[in-house]
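Note sheet for the following structure.
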Amino acid sequence: MHTSLTDPPPTGTATDPTRATAEEEELEDQKAAITHLGHELRALVEATVRTAASPDTLHRVADGVRAVTSQLTGRRRSRAEIPQVDEFPTGTRIYSPVTGAGSPLAPPVQVTPTADGLVGHCTLGIAHEGPPGYGHGGMSAMLLDELMGRVCAAAGMPGLTVSLQMRYHRPVPLETPLRILARVTGRDDRKIFVSGSIATRTAPDTSLVTSDGVFIAPDPHRARTLFPGLQAER
């Protein structure tokens, strides 16, 4: 069951406990399989951007990857379709390029609540490189945008990014455990003001990147237009 941005959760609905349990188990199996594949794909991506293999080897591996890709048959979800395994807008998105365990692009960031917001932990790999040895500046912006958006949802006001003011104090090192913080600093009607920062876990008081952002909670009509998949209870 999915609760939308605009509708209250249904109450008093009779359900079959046995059927619900079977559906939950099937969903958990699907999540575990997606996570397993995502982990192996991230290992492949990292190996791809680090390898000094010969052209013959690279061509052979490319052919093998093409053969593997051809095995992912069946229905493909549409552009606006919300995956059944997601908890949008307030929870986990398994294919998120930042936090998704099923995404070959994600670090992925592990997010937990704090006393006044959220904290994320991840390690960027060579696939996220900008300057040699350091993370791409756009990756830092994506990490903060994700955490700052998530903290809006955690505060009960899922919102869309209006602006992010980024400040790059020091380069973000690769292959180094990072800590990302986000917290809501204020509200004005549907606007939510958020701050965020990135530091290493070994030097959490030294901010490498900081950001101030403005997010806005869409009105019900706008939410239904932007996210038509939310209209159907799942």
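Note on naming: chains are A, B, ... as they come in the structure tokens, residues start from 1 per chain, ligands start from 1 in the order shown.
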When DSSP works through the backbone of this structure, what residues of stretch 17-219 of chain A end up as strand (DSSP E or B), shown as a ChimeraX atom specification? /A:110-113,118-123,129,134-135,160-168,173,177-188,191-200,209-216
Near A:Leu144, within 10 Å and counting only C-alpha atoms, which residues show up once chain neighbours fewer than 4 positions away are dropped, as a list of chain:residue names?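 Selected residues are A:Val98, A:Gly120, A:Gly138, A:Met139, A:Ser140, A:Met148, A:Gly149, A:Arg150, A:Leu164, A:Met166, A:Ile180, A:Leu181, A:Ala182, A:Ser195, A:Gly196, A:Ser197, A:Ile198, A:Val209, A:Thr210, A:Ser211, A:Asp212, A:Gly213.
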Just to be explicit: take each residue in the selection above, keep C-alpha atoms, and write the result as a CSV table (one decimal), in the first residue's frame.
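New file again_29.csv:
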```
chain,number,residue,atom,x,y,z
A,98,VAL,CA,22.3,8.3,-4.8
A,120,GLY,CA,24.1,9.7,5.2
A,138,GLY,CA,28.2,17.5,-9.5
A,139,MET,CA,28.3,14.3,-7.4
A,140,SER,CA,28.6,16.4,-4.3
A,148,MET,CA,18.1,17.6,1.7
A,149,GLY,CA,15.1,16.4,-0.2
A,150,ARG,CA,14.8,13.3,2.0
A,164,LEU,CA,20.6,24.8,-4.1
A,166,MET,CA,26.6,25.2,-3.2
A,180,ILE,CA,26.5,13.8,4.8
A,181,LEU,CA,24.2,15.9,7.0
A,182,ALA,CA,20.9,17.5,6.2
A,195,SER,CA,21.0,23.1,5.1
A,196,GLY,CA,23.4,20.3,4.3
A,197,SER,CA,27.1,19.4,4.5
A,198,ILE,CA,29.6,16.8,3.5
A,209,VAL,CA,31.1,21.0,0.9
A,210,THR,CA,28.1,22.9,2.3
A,211,SER,CA,24.7,23.9,0.9
A,212,ASP,CA,21.6,25.9,1.6
A,213,GLY,CA,18.5,24.9,-0.3
```
For A:Ile82, find every residue with an atom within 8 Å (counting only C-alpha atoms), except residues of its own chain fewer than 6 positions away, and show them as a list in words. Phe88, Gly229 and Leu230 of chain A
Go ahead and write the selection's residues with C-alpha atoms as a tab-separated table (two decimals), in the first residue's frame.
```
chain	number	residue	atom	x	y	z
A	88	PHE	CA	7.77	7.08	-2.64
A	229	GLY	CA	1.44	6.97	-10.32
A	230	LEU	CA	0.49	8.21	-6.86
```
With only C-alpha atoms as the atoms that count, which of A:Ile216, A:Val85, A:Ala127, A:Ala199 lies nearest to A:Thr161?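 Ranked by minimum distance to A:Thr161, first place goes to A:Ile216.
Between atom CA of A:Pro218 and atom CA of A:Asp189 the interatomic distance comes to 11.0 Å.
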Minimum-distance residue to A:Arg170, chosen among A:Thr185, A:Thr21, A:Asp145, A:Leu208 (using only C-alpha atoms): A:Leu208
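If you look at atom CA of A:Pro113 and atom CA of A:Gly100, they are 17.1 Å away from each other.
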Just the number, please: distance in Å from atom CA of A:Ser70 to atom CA of A:Ala43, one decimal.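 That distance, rounded to one decimal, is 19.5 Å.
Closest approach to A:Lys31 from the set A:Pro97, A:Pro17, A:Gly102, A:Pro108 is made by A:Gly102, with distances taken over only C-alpha atoms.
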Per residue of stretch 89-178 of chain A within 10 Å of stretch 45-52 of chain A, record the nearest atom pair and its distance in Å to one decimal, counting only C-alpha atoms, with rows in chain order and ascending residue number, as a tab-separated table.
```
residue	atom	partner	partner_atom	distance
A:Pro104	CA	A:Val45	CA	7.1
A:Leu105	CA	A:Val45	CA	8.2
A:Gly125	CA	A:Glu46	CA	7.0
A:Ile126	CA	A:Glu46	CA	6.5
A:Ala127	CA	A:Glu46	CA	5.8
A:His128	CA	A:Glu46	CA	9.3
A:Glu129	CA	A:Val49	CA	9.8
```
List every residue of stretch 1-233 of chain A that DSSP, applied to the backbone of this structure, places in helix (DSSP H, G or I), and write the result as number ranges by chain. A: 17-50, 55-69, 126-128, 137-154, 220-226, 228-231
